[in-house]
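Dumped data_5.cif below, it's mmCIF, C-alpha atoms:
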data_protein
loop_
_atom_site.label_atom_id
_atom_site.label_comp_id
_atom_site.auth_asym_id
_atom_site.auth_seq_id
_atom_site.Cartn_x
_atom_site.Cartn_y
_atom_site.Cartn_z
CA MET A 51 -2.61 -172.11 -6.97
CA GLY A 52 -2.57 -172.32 -3.17
CA LYS A 53 -4.33 -169.01 -2.91
CA PHE A 54 -6.94 -170.13 -5.39
CA ILE A 55 -7.61 -173.30 -3.43
CA LYS A 56 -7.79 -171.25 -0.21
CA ASN A 57 -10.30 -168.87 -1.77
CA PHE A 58 -12.25 -171.80 -3.16
CA GLY A 59 -12.35 -173.41 0.27
CA LEU A 60 -13.40 -170.16 1.88
CA GLY A 61 -16.13 -169.79 -0.72
CA LEU A 62 -17.33 -173.28 0.12
CA LEU A 63 -17.26 -172.45 3.82
CA TYR A 64 -19.18 -169.24 3.29
CA PHE A 65 -21.67 -171.10 1.15
CA ILE A 66 -22.30 -173.57 3.94
CA ALA A 67 -22.40 -170.87 6.61
CA LEU A 68 -24.48 -168.46 4.56
CA PRO A 69 -27.90 -169.50 5.92
CA LEU A 70 -26.63 -169.17 9.48
CA LEU A 71 -25.10 -165.81 8.69
CA ILE A 72 -28.32 -164.56 7.14
CA LEU A 73 -30.34 -165.84 10.09
CA GLY A 74 -28.03 -164.11 12.56
CA VAL A 75 -28.13 -160.85 10.65
CA VAL A 76 -31.93 -160.96 10.40
CA CYS A 77 -32.20 -161.54 14.17
CA TYR A 78 -29.88 -158.63 14.82
CA ALA A 79 -31.84 -156.51 12.33
CA ILE A 80 -34.99 -157.11 14.38
CA TYR A 81 -33.12 -156.10 17.53
CA GLY A 82 -31.80 -153.07 15.62
CA LEU A 83 -35.34 -152.18 14.67
CA GLY A 84 -36.25 -152.08 18.35
CA VAL A 85 -33.23 -149.89 19.05
CA TYR A 86 -34.21 -147.65 16.15
CA VAL A 87 -37.79 -147.23 17.38
CA PHE A 88 -36.58 -146.48 20.91
CA TYR A 89 -34.11 -143.84 19.75
CA PHE A 90 -36.61 -142.42 17.29
CA PHE A 91 -39.28 -141.74 19.90
CA LYS A 92 -36.78 -140.58 22.49
CA GLY A 93 -35.14 -138.24 19.98
CA THR A 94 -38.46 -136.96 18.68
CA ILE A 95 -39.66 -136.09 22.18
CA ARG A 96 -36.37 -134.33 22.86
CA PHE A 97 -36.56 -132.54 19.55
CA PHE A 98 -40.02 -131.13 20.23
CA LYS A 99 -38.95 -130.08 23.70
CA GLY A 100 -36.41 -127.86 22.00
CA ASP A 101 -33.32 -129.99 22.67
CA THR A 102 -31.08 -131.68 20.18
CA PHE A 103 -32.21 -135.01 18.77
CA PHE A 104 -29.42 -136.89 20.56
CA GLU A 105 -28.42 -135.79 24.03
CA GLU A 106 -24.74 -135.12 24.47
CA LEU A 107 -23.10 -137.94 26.38
CA PRO A 108 -21.28 -136.86 29.57
CA GLU A 109 -18.11 -138.51 28.32
CA ASP A 110 -18.25 -136.53 25.09
CA ALA A 111 -18.76 -133.32 27.04
CA ARG A 112 -15.67 -134.06 29.06
CA VAL A 113 -13.63 -134.86 25.97
CA LYS A 114 -14.72 -131.55 24.48
CA GLU A 115 -13.76 -129.72 27.65
CA ILE A 116 -10.34 -131.35 27.74
CA LYS A 117 -9.75 -130.51 24.11
CA ARG A 118 -10.82 -126.92 24.68
CA ILE A 119 -8.39 -126.56 27.56
CA LEU A 120 -5.57 -128.08 25.59
CA GLN A 121 -6.33 -125.81 22.67
CA GLU A 122 -6.39 -122.74 24.90
CA GLN A 123 -3.08 -123.77 26.38
CA ALA A 124 -1.57 -124.17 22.96
CA VAL A 125 -2.83 -120.76 21.80
CA ASN A 126 -2.18 -118.86 25.00
CA PRO A 127 0.39 -120.69 27.07
CA ASN A 128 0.68 -117.95 29.75
CA GLN A 129 -2.87 -118.52 30.88
CA GLY A 130 -2.28 -122.13 31.61
CA THR A 131 -3.03 -121.75 35.30
CA GLN A 132 -6.22 -119.84 34.68
CA THR A 133 -7.75 -122.14 32.16
CA ALA A 134 -6.64 -125.42 33.58
CA PRO A 135 -9.25 -125.80 36.31
CA VAL A 136 -12.49 -127.19 35.12
CA THR A 137 -15.65 -127.14 37.13
CA ALA A 138 -17.47 -130.38 37.53
CA SER A 139 -20.50 -129.10 35.73
CA ASN A 140 -21.54 -132.58 34.65
CA ASN A 141 -22.41 -132.19 30.99
CA THR A 142 -22.21 -128.41 30.78
CA SER A 143 -19.16 -126.86 29.29
CA ASN A 144 -19.89 -123.16 29.72
CA VAL A 145 -19.70 -122.90 33.46
CA SER A 146 -15.98 -123.04 33.87
CA ASN A 147 -15.30 -119.55 32.52
CA GLN A 148 -18.16 -117.87 34.33
CA ASP A 149 -17.67 -119.41 37.70
CA ASN A 150 -14.31 -117.85 38.49
CA SER A 151 -15.10 -117.36 42.14
CA GLN A 152 -15.20 -121.07 42.74
CA GLN A 153 -12.14 -121.91 40.73
CA SER A 154 -9.08 -123.07 42.54
CA THR A 155 -5.60 -123.44 41.17
CA TYR A 156 -4.13 -126.84 40.72
CA ASN A 157 -0.55 -127.78 40.79
CA VAL A 158 -0.01 -130.14 37.94
CA THR A 159 3.60 -131.08 37.80
CA ASN A 160 5.00 -132.07 34.48
CA ASN A 161 8.08 -133.90 35.54
CA TYR A 162 10.05 -136.84 34.35
CA TYR A 163 8.68 -139.13 36.98
CA GLY A 164 5.10 -138.82 35.92
CA ASN A 165 4.27 -138.27 39.55
CA PRO A 166 3.12 -134.91 40.86
CA MET A 167 5.29 -135.30 43.94
CA GLY A 168 8.15 -137.15 42.27
CA ALA A 169 11.56 -135.58 42.68
CA ASN A 170 10.02 -132.28 43.74
CA ALA A 171 8.44 -133.76 46.83
CA ASN A 172 10.37 -131.43 49.16
CA GLN A 173 9.68 -128.28 47.21
CA ASN A 174 6.78 -125.91 47.49
CA PRO A 175 3.82 -127.98 46.37
CA ASN A 176 2.29 -125.09 44.50
CA PRO A 177 4.83 -123.24 42.33
CA ALA A 178 2.04 -121.56 40.47
CA PHE A 179 1.60 -119.19 43.39
CA GLN A 180 5.23 -118.17 43.16
CA ASN A 181 5.03 -117.29 39.50
CA PRO A 182 1.48 -116.84 38.24
CA ASN A 183 2.64 -116.45 34.65
CA GLN A 184 4.47 -119.70 34.65
CA ARG A 185 3.22 -122.07 32.01
CA ILE A 186 1.95 -125.35 33.31
CA ASP A 187 1.97 -127.96 30.62
CA MET A 188 -0.58 -130.68 30.89
CA ASN A 189 -1.35 -133.47 28.59
CA ALA A 190 -4.89 -134.66 28.03
CA THR A 191 -4.72 -137.31 30.71
CA GLU A 192 -3.59 -134.82 33.31
CA VAL A 193 -6.30 -132.38 32.35
CA ASN A 194 -8.78 -135.16 32.82
CA ASP A 195 -7.28 -135.93 36.21
CA VAL A 196 -7.89 -132.33 37.22
CA TYR A 197 -11.39 -132.58 35.89
CA GLN A 198 -11.91 -135.85 37.69
CA ASP A 199 -10.55 -134.41 40.95
CA ARG A 200 -13.03 -131.58 40.90
CA PHE A 201 -15.77 -133.91 39.88
CA ASP A 202 -14.89 -136.24 42.71
CA ASN A 203 -14.57 -133.42 45.24
CA GLN A 204 -18.07 -132.24 44.57
CA LEU A 205 -19.90 -135.47 44.03
CA HIS A 206 -17.74 -138.09 45.61
CA GLU A 207 -18.78 -139.65 48.88
CA PRO A 208 -15.86 -140.84 51.02
CA THR A 209 -15.28 -144.55 50.86
CA PHE A 210 -14.89 -146.75 53.89
CA ASP A 211 -11.12 -146.85 53.36
CA GLU A 212 -10.88 -143.07 53.26
CA ILE A 213 -12.93 -142.70 56.43
CA SER A 214 -10.81 -145.36 58.06
CA MET A 215 -7.61 -143.57 56.97
CA ASN A 216 -8.86 -140.26 58.39
CA ASN A 217 -9.82 -141.91 61.62
CA GLN A 218 -6.39 -143.50 61.93
CA GLN A 219 -4.76 -140.12 61.47
CA MET A 220 -6.93 -138.68 64.22
CA ILE A 221 -6.11 -141.34 66.79
CA GLY A 222 -4.98 -139.71 69.97
CA THR A 223 -6.57 -136.38 69.16
CA GLN A 224 -9.80 -134.95 70.42
CA GLU A 225 -11.29 -135.04 66.94
CA ALA A 226 -11.07 -138.79 66.83
CA PRO A 227 -14.49 -140.39 66.67
CA GLN A 228 -15.52 -141.92 69.94
CA ILE A 229 -16.67 -145.45 69.51
CA GLU A 230 -18.80 -146.95 72.20
CA ALA A 231 -17.87 -150.46 73.10
CA ILE A 232 -20.68 -152.89 72.64
CA ASP A 233 -20.83 -155.59 75.23
CA LEU A 234 -21.80 -158.49 73.07
CA PHE A 235 -21.09 -161.32 75.46
CA GLY A 236 -21.97 -159.67 78.73
CA GLU A 237 -18.34 -159.48 79.86
CA GLU A 238 -19.00 -156.55 82.18
CA ASP A 239 -21.61 -158.44 84.15
CA LYS A 240 -19.07 -161.05 85.07
CA MET B 114 -9.26 -205.91 -16.86
CA GLU B 115 -12.61 -206.78 -18.17
CA TYR B 116 -14.17 -205.15 -15.14
CA LEU B 117 -12.19 -201.98 -15.82
CA ASN B 118 -13.44 -201.95 -19.40
CA THR B 119 -16.99 -202.26 -18.13
CA LEU B 120 -16.40 -199.37 -15.78
CA LEU B 121 -14.98 -197.24 -18.57
CA VAL B 122 -17.91 -198.00 -20.75
CA SER B 123 -20.31 -197.12 -17.99
CA LEU B 124 -18.60 -193.71 -17.55
CA GLU B 125 -19.17 -192.79 -21.15
CA MET B 126 -21.49 -189.84 -21.50
CA SER B 127 -23.72 -188.72 -24.25
CA GLU B 128 -23.47 -185.21 -25.68
CA SER B 129 -26.48 -184.00 -23.69
CA ASP B 130 -25.03 -185.43 -20.46
CA ARG B 131 -21.80 -183.60 -21.10
CA ARG B 132 -23.60 -180.33 -21.69
CA LEU B 133 -25.62 -180.80 -18.54
CA LEU B 134 -22.48 -181.52 -16.54
CA ILE B 135 -20.77 -178.42 -17.87
CA THR B 136 -23.85 -176.33 -17.07
CA LEU B 137 -23.95 -177.69 -13.53
CA LEU B 138 -20.26 -176.99 -13.06
CA VAL B 139 -20.71 -173.43 -14.27
CA ILE B 140 -23.65 -172.93 -11.91
CA LEU B 141 -21.60 -174.37 -9.02
CA VAL B 142 -18.66 -172.06 -9.76
CA VAL B 143 -20.97 -169.04 -9.99
CA VAL B 144 -22.68 -169.90 -6.71
CA LEU B 145 -19.36 -170.45 -4.95
CA PHE B 146 -18.03 -167.23 -6.42
CA LEU B 147 -21.09 -165.37 -5.16
CA ALA B 148 -20.78 -166.93 -1.70
CA GLY B 149 -17.09 -166.03 -1.64
CA PHE B 150 -17.90 -162.49 -2.71
CA ILE B 151 -20.48 -162.14 0.06
CA GLY B 152 -17.96 -163.52 2.54
CA MET B 153 -15.33 -161.04 1.36
CA ALA B 154 -17.84 -158.20 1.66
CA VAL B 155 -18.69 -159.31 5.20
CA ARG B 156 -15.01 -159.39 6.14
CA TYR B 157 -14.44 -155.96 4.59
CA ILE B 158 -17.40 -154.46 6.47
CA THR B 159 -16.26 -156.11 9.70
CA ASN B 160 -12.78 -154.60 9.46
CA LYS B 161 -14.06 -151.19 8.46
CA MET B 162 -16.68 -151.04 11.18
CA GLY B 163 -14.13 -152.20 13.75
CA ASP B 164 -12.01 -149.19 12.86
CA ARG B 165 -15.03 -146.93 13.05
CA ILE B 166 -16.14 -147.93 16.53
CA GLU B 167 -12.52 -147.81 17.66
CA SER B 168 -12.16 -144.22 16.52
CA ASN B 169 -15.45 -143.37 18.22
CA ILE B 170 -14.48 -144.66 21.64
CA ALA B 171 -10.77 -143.86 21.45
CA GLU B 172 -10.73 -140.39 22.99
CA PRO B 173 -12.68 -141.05 26.20
CA ILE B 174 -10.50 -144.11 26.80
CA LYS B 175 -7.24 -142.30 26.02
CA TYR B 176 -8.15 -139.42 28.33
CA ARG B 177 -9.06 -142.00 30.96
CA ILE B 178 -12.62 -140.80 31.29
CA LEU B 179 -13.89 -144.34 30.95
CA GLU B 180 -12.22 -145.95 33.89
CA THR B 181 -13.77 -149.39 33.89
CA ARG B 182 -14.55 -152.03 31.32
CA LYS B 183 -18.22 -151.76 32.14
CA SER B 184 -18.42 -148.03 31.54
CA ALA B 185 -16.47 -148.40 28.28
CA MET B 186 -18.88 -151.09 27.08
CA ALA B 187 -21.89 -148.97 28.00
CA TYR B 188 -20.47 -145.95 26.21
CA GLY B 189 -19.53 -148.05 23.18
CA ARG B 190 -23.00 -149.57 22.99
CA LYS B 191 -24.60 -146.14 23.02
CA LYS B 192 -22.26 -144.97 20.27
CA ASN B 193 -22.94 -148.11 18.25
CA ALA B 194 -26.69 -147.63 18.53
CA ARG B 195 -26.41 -144.02 17.44
CA ILE B 196 -24.31 -144.93 14.42
CA PHE B 197 -26.85 -147.62 13.56
CA PHE B 198 -29.67 -145.10 13.90
CA LYS B 199 -27.97 -142.70 11.52
CA GLU B 200 -27.17 -145.43 9.01
CA ALA B 201 -30.60 -147.04 9.16
CA THR B 202 -32.54 -143.80 8.75
CA PRO B 203 -32.37 -143.80 4.91
CA ALA B 204 -33.58 -147.40 4.87
CA MET B 205 -36.45 -146.60 7.21
CA ALA B 206 -37.36 -143.59 5.09
CA ALA B 207 -37.31 -145.81 2.01
CA TYR B 208 -39.55 -148.40 3.69
CA LEU B 209 -41.95 -145.62 4.67
CA PHE B 210 -41.92 -144.31 1.11
CA ILE B 211 -42.64 -147.80 -0.25
CA LEU B 212 -45.53 -148.20 2.18
CA LEU B 213 -47.01 -144.83 1.25
CA PHE B 214 -46.51 -145.56 -2.44
CA TRP B 215 -48.30 -148.89 -2.10
CA VAL B 216 -51.21 -147.34 -0.17
CA VAL B 217 -51.62 -144.41 -2.58
CA TYR B 218 -51.32 -146.65 -5.64
CA SER B 219 -53.83 -149.12 -4.23
CA LEU B 220 -56.29 -146.35 -3.39
CA CYS B 221 -55.96 -144.96 -6.91
CA THR B 222 -56.90 -148.27 -8.53
CA ILE B 223 -60.53 -149.04 -9.33
CA LYS B 224 -62.39 -150.06 -6.16
CA GLY B 225 -59.06 -150.44 -4.36
CA THR B 226 -58.12 -153.67 -6.15
CA GLY B 227 -54.46 -152.65 -5.85
CA PHE B 228 -54.54 -153.90 -2.24
CA MET B 229 -55.25 -157.40 -3.55
CA GLU B 230 -52.50 -157.39 -6.15
CA ASN B 231 -49.62 -159.79 -5.67
CA HIS B 232 -46.71 -157.47 -6.44
CA PHE B 233 -44.10 -160.19 -5.97
CA TYR B 234 -45.83 -162.35 -8.57
CA ASN B 235 -46.01 -159.40 -10.95
CA PHE B 236 -42.33 -158.72 -10.41
CA GLY B 237 -41.65 -162.32 -11.49
CA GLU B 238 -42.58 -161.27 -15.02
CA LEU B 239 -39.19 -159.60 -15.24
CA LEU B 240 -37.33 -162.86 -14.55
CA PHE B 241 -36.52 -166.04 -16.45
CA LYS B 242 -38.49 -169.11 -15.46
CA PHE B 243 -37.08 -172.60 -15.90
CA ASP B 244 -38.49 -176.10 -16.23
CA THR B 245 -36.41 -178.94 -14.83
CA VAL B 246 -36.78 -182.67 -15.37
CA TRP B 247 -35.47 -185.04 -12.69
CA GLU B 248 -35.13 -188.79 -13.03
CA LYS B 249 -34.30 -191.45 -10.50
CA ASP B 250 -31.25 -193.46 -11.50
CA PHE B 251 -30.44 -197.08 -10.62
CA ALA B 252 -28.79 -196.10 -7.32
CA GLY B 253 -31.85 -194.18 -6.15
CA PHE B 254 -30.36 -190.74 -6.67
CA TYR B 255 -32.28 -188.08 -8.50
CA LYS B 256 -30.49 -186.89 -11.58
CA LEU B 257 -31.17 -183.60 -13.32
CA MET B 258 -31.97 -184.60 -16.88
CA SER B 259 -32.76 -181.31 -18.55
CA VAL B 260 -33.23 -177.60 -17.91
CA THR B 261 -35.35 -175.63 -20.32
CA VAL B 262 -36.46 -172.02 -20.27
CA ARG B 263 -40.22 -171.88 -19.75
CA GLU B 264 -40.71 -168.12 -19.79
CA TYR B 265 -38.60 -165.22 -20.88
CA PRO B 266 -38.89 -161.77 -19.25
CA ASN B 267 -42.19 -160.30 -20.28
CA PRO B 268 -42.86 -156.88 -18.71
CA VAL B 269 -46.46 -155.70 -18.61
CA ALA B 270 -47.00 -151.94 -18.63
CA ALA B 271 -49.97 -152.18 -16.25
CA HIS B 272 -47.73 -153.68 -13.56
CA TRP B 273 -45.29 -150.79 -13.42
CA ALA B 274 -46.11 -150.11 -9.76
CA SER B 275 -45.16 -153.67 -8.78
CA TYR B 276 -41.80 -153.30 -10.49
CA VAL B 277 -41.11 -150.02 -8.68
CA ILE B 278 -42.26 -151.27 -5.29
CA ILE B 279 -40.42 -154.58 -5.38
CA THR B 280 -37.22 -153.13 -6.86
CA LEU B 281 -37.11 -150.48 -4.15
CA PHE B 282 -37.95 -153.08 -1.53
CA ILE B 283 -35.09 -155.36 -2.62
CA ILE B 284 -32.55 -152.51 -2.76
CA THR B 285 -33.63 -151.23 0.65
CA SER B 286 -33.53 -154.69 2.15
CA VAL B 287 -30.01 -155.29 0.85
CA TYR B 288 -28.94 -151.94 2.30
CA MET B 289 -30.61 -152.82 5.60
CA PHE B 290 -28.84 -156.18 5.58
CA VAL B 291 -25.49 -154.43 5.17
CA VAL B 292 -26.31 -151.92 7.92
CA SER B 293 -27.36 -154.70 10.28
CA GLN B 294 -24.22 -156.64 9.53
CA ALA B 295 -22.21 -153.50 10.25
CA PHE B 296 -24.10 -153.19 13.55
CA ILE B 297 -23.03 -156.72 14.50
CA ALA B 298 -19.47 -156.08 13.34
CA ARG B 299 -19.19 -152.96 15.49
CA ALA B 300 -20.63 -154.75 18.51
CA SER B 301 -18.14 -157.60 18.22
CA ALA B 302 -15.25 -155.22 17.54
CA LEU B 303 -16.26 -153.16 20.58
CA ARG B 304 -16.12 -156.22 22.79
CA ARG B 305 -12.71 -157.18 21.41
CA ILE B 306 -11.26 -153.67 21.78
CA VAL B 307 -12.57 -153.21 25.31
CA ASP B 308 -11.31 -156.63 26.34
CA GLU B 309 -7.85 -155.77 25.02
CA THR B 310 -7.82 -152.29 26.53
CA TYR B 311 -8.97 -153.26 30.00
CA HIS B 312 -7.05 -156.51 30.15
CA ASN B 313 -5.21 -156.73 33.44
CA SER B 314 -2.24 -158.83 32.50
CA LEU B 315 0.17 -160.82 34.63
CA LYS B 316 2.56 -161.25 31.73
CA GLY B 317 6.14 -160.97 32.97
CA PHE B 318 5.02 -160.96 36.60
CA ASN B 319 6.35 -163.48 39.03
CA PHE B 320 5.01 -163.45 42.55
CA TYR B 321 8.32 -164.62 44.02
CA ASP B 322 10.52 -162.36 41.94
CA GLU B 323 12.10 -159.91 44.37
CA THR B 324 14.81 -158.61 42.07
CA PRO B 325 14.28 -154.87 41.65
CA LYS B 326 13.92 -153.80 38.07
CA LYS B 327 16.46 -151.55 36.41
CA GLU B 328 14.06 -148.69 35.79
CA ASP B 329 12.96 -148.73 39.43
CA LEU B 330 16.57 -148.58 40.59
CA ASP B 331 17.28 -145.76 38.15
CA ARG B 332 14.31 -143.86 39.47
CA ILE B 333 15.44 -144.29 43.09
CA ASN B 334 18.95 -143.16 42.18
CA ARG B 335 17.64 -140.08 40.44
CA THR B 336 15.43 -139.24 43.40
CA GLN B 337 18.35 -139.44 45.78
CA GLN B 338 20.61 -137.24 43.68
#
Could I get this file's structure written as structure tokens?
Amino acid sequence: MGKFIKNFGLGLLYFIALPLLILGVVCYAIYGLGVYVFYFFKGTIRFFKGDTFFEELPEDARVKEIKRILQEQAVNPNQGTQTAPVTASNNTSNVSNQDNSQQSTYNVTNNYYGNPMGANANQNPNPAFQNPNQRIDMNATEVNDVYQDRFDNQLHEPTFDEISMNNQQMIGTQEAPQIEAIDLFGEEDK
Amino acid sequence: MEYLNTLLVSLEMSESDRRLLITLLVILVVVLFLAGFIGMAVRYITNKMGDRIESNIAEPIKYRILETRKSAMAYGRKKNARIFFKEATPAMAAYLFILLFWVVYSLCTIKGTGFMENHFYNFGELLFKFDTVWEKDFAGFYKLMSVTVREYPNPVAAHWASYVIITLFIITSVYMFVVSQAFIARASALRRIVDETYHNSLKGFNFYDETPKKEDLDRINRTQQ
């Protein structure tokens, strides 16, 4: 009985709200029509240029790349170190295998601490060099980190904090940037 | 007591009043049932579309490709628009077909009179038409006195094109309504999911709490071993 009354009340509520609902949906349908027209013309132009109707989103390309690496690792675990690096090709997924000369090996530590340095902080940071056939297990997040690192290394501009950190490390050395003092208040004249 | 008797007498209804009341009640129940059904359908579509957009944006978020709320929203919006495009394409094709059908049919009629035809009016021949009689009662309210059927469905063979065009138009519009509602449902679900995923919470955090947590101590102990 309670359920019936609840349904009845909901029906009444929907009946009252129905005009508003329809109005909202119609407004959104008009917006959707605009979206449709935009995508239609964009896709048609792309299609006649010889591309796919929808361009592949960069995020999707990266997901595909990560999945491919994980799959390769699962099938051929001994090649973990060779397939793990991913070039920051930004939307292209076929460069990583061809561009072996630019590939570098990454040390991705799969330890309990979830930290690449973790308990192995004092050990050789790159065990892959000691045993090239060693399997390096990476989960999807770690693969993406590798991907992101390479992406960042190629495209990333150093932030103010990073520059500041580097400068602090160079204090007292000849490489330290020389900053000329600006005499704002004319102290030297006094 | 006498007043009560008067009231009881005044509530007495004739047979026709009773029938009318029953008819109105039935109509009310049907309308409420229909509204409830539409509401249930809306809720069903909302839940289903929420799951759909969630599965679409799950992987880039899980792999931490989308690092900020803003980028996740932008990605989700693009995905939502693409899903809408794919779902709306049959409706758009149907609208185009209806338009072409109407133009070709109208051109095929004598001197193009088909362009002047009122297809909605012609479609009305397939429906019941009612006559209602309203009367003002002593309190000033209008009371429905009688409902009679004026016209029964009476299809005319010459108006076949109107029946096809309007039937297709109604079906396509209902489909488009559902697709648009799904578009809204995905957009709102996207906002909810992204808000939950990128919610930076202070739950369990106390600024003045300096007691080290057990897992931190365990980690330090393990590191020192």
Go ahead and compute the interatomic distance for atom CA of A:Leu60 and atom CA of B:Arg156, in Å to one decimal.
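Atom-to-atom, atom CA of A:Leu60 to atom CA of B:Arg156, that is 11.7 Å.
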Enumerate, as a list in words, the residues matched when the PyMOL selection byres ((chain B) within 6 of (chain A)) is run on the file above.
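Applying the PyMOL selection byres ((chain B) within 6 of (chain A)) to the structure shown produces Leu145, Ala148, Gly149, Gly152, Tyr176, Phe198, Ser293, Gln294 and Thr336 of chain B.
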Starting from the shown file, work through the PyMOL selection byres ((chain B and resi 307-316) around 12) and note down what comes out as a PyMOL selection string.
chain B and resi 163+166-167+170-171+174-175+177+179-190+299-306+317-320
With a distance cut-off of 12 Å and all atoms listed in the file, select the neighbouring residues of stretch 200-214 of chain B, excluding the residue or stretch itself and same-chain residues fewer than 5 positions from it, and output the selection as a CSV table (one decimal) with C-alpha atoms, in the coordinates of the input.
chain,number,residue,atom,x,y,z
A,79,ALA,CA,-31.8,-156.5,12.3
A,82,GLY,CA,-31.8,-153.1,15.6
A,83,LEU,CA,-35.3,-152.2,14.7
A,84,GLY,CA,-36.2,-152.1,18.4
A,85,VAL,CA,-33.2,-149.9,19.0
A,86,TYR,CA,-34.2,-147.6,16.2
A,87,VAL,CA,-37.8,-147.2,17.4
A,89,TYR,CA,-34.1,-143.8,19.8
A,90,PHE,CA,-36.6,-142.4,17.3
B,193,ASN,CA,-22.9,-148.1,18.2
B,194,ALA,CA,-26.7,-147.6,18.5
B,195,ARG,CA,-26.4,-144.0,17.4
B,219,SER,CA,-53.8,-149.1,-4.2
B,220,LEU,CA,-56.3,-146.4,-3.4
B,221,CYS,CA,-56.0,-145.0,-6.9
B,227,GLY,CA,-54.5,-152.6,-5.8
B,228,PHE,CA,-54.5,-153.9,-2.2
B,274,ALA,CA,-46.1,-150.1,-9.8
B,275,SER,CA,-45.2,-153.7,-8.8
B,276,TYR,CA,-41.8,-153.3,-10.5
B,277,VAL,CA,-41.1,-150.0,-8.7
B,278,ILE,CA,-42.3,-151.3,-5.3
B,279,ILE,CA,-40.4,-154.6,-5.4
B,280,THR,CA,-37.2,-153.1,-6.9
B,281,LEU,CA,-37.1,-150.5,-4.2
B,282,PHE,CA,-38.0,-153.1,-1.5
B,283,ILE,CA,-35.1,-155.4,-2.6
B,284,ILE,CA,-32.6,-152.5,-2.8
B,285,THR,CA,-33.6,-151.2,0.6
B,286,SER,CA,-33.5,-154.7,2.2
B,287,VAL,CA,-30.0,-155.3,0.8
B,288,TYR,CA,-28.9,-151.9,2.3
B,289,MET,CA,-30.6,-152.8,5.6
B,290,PHE,CA,-28.8,-156.2,5.6
B,291,VAL,CA,-25.5,-154.4,5.2
B,292,VAL,CA,-26.3,-151.9,7.9
B,293,SER,CA,-27.4,-154.7,10.3
B,294,GLN,CA,-24.2,-156.6,9.5
B,295,ALA,CA,-22.2,-153.5,10.2
B,296,PHE,CA,-24.1,-153.2,13.6
Write out all heavy atoms for stretch 256-260 of chain B, as a compact mmCIF listing (two decimals), in the frame of the given file.
# COMPACT_ATOMS: atom_id res chain seq x y z
N LYS B 256 -31.45 -187.47 -10.64
CA LYS B 256 -30.49 -186.89 -11.58
C LYS B 256 -31.22 -185.84 -12.41
O LYS B 256 -32.33 -186.09 -12.90
CB LYS B 256 -29.95 -188.00 -12.49
CG LYS B 256 -28.60 -187.68 -13.08
CD LYS B 256 -27.96 -188.94 -13.63
CE LYS B 256 -28.16 -189.02 -15.12
NZ LYS B 256 -27.53 -190.20 -15.74
N LEU B 257 -30.58 -184.67 -12.51
CA LEU B 257 -31.17 -183.60 -13.32
C LEU B 257 -30.98 -183.94 -14.80
O LEU B 257 -29.85 -184.05 -15.28
CB LEU B 257 -30.49 -182.27 -12.98
CG LEU B 257 -31.05 -181.03 -13.65
CD1 LEU B 257 -32.50 -180.79 -13.27
CD2 LEU B 257 -30.22 -179.81 -13.30
N MET B 258 -32.06 -184.15 -15.49
CA MET B 258 -31.97 -184.60 -16.88
C MET B 258 -31.92 -183.43 -17.85
O MET B 258 -31.16 -183.43 -18.81
CB MET B 258 -33.17 -185.50 -17.23
CG MET B 258 -33.22 -186.79 -16.42
SD MET B 258 -31.68 -187.71 -16.51
CE MET B 258 -31.71 -188.25 -18.20
N SER B 259 -32.76 -182.43 -17.60
CA SER B 259 -32.76 -181.31 -18.55
C SER B 259 -33.27 -180.05 -17.88
O SER B 259 -34.04 -180.11 -16.91
CB SER B 259 -33.65 -181.64 -19.75
OG SER B 259 -34.99 -181.70 -19.33
N VAL B 260 -32.77 -178.92 -18.37
CA VAL B 260 -33.23 -177.60 -17.91
C VAL B 260 -33.65 -176.82 -19.14
O VAL B 260 -32.84 -176.62 -20.05
CB VAL B 260 -32.11 -176.86 -17.16
CG1 VAL B 260 -32.61 -175.50 -16.68
CG2 VAL B 260 -31.59 -177.67 -15.99
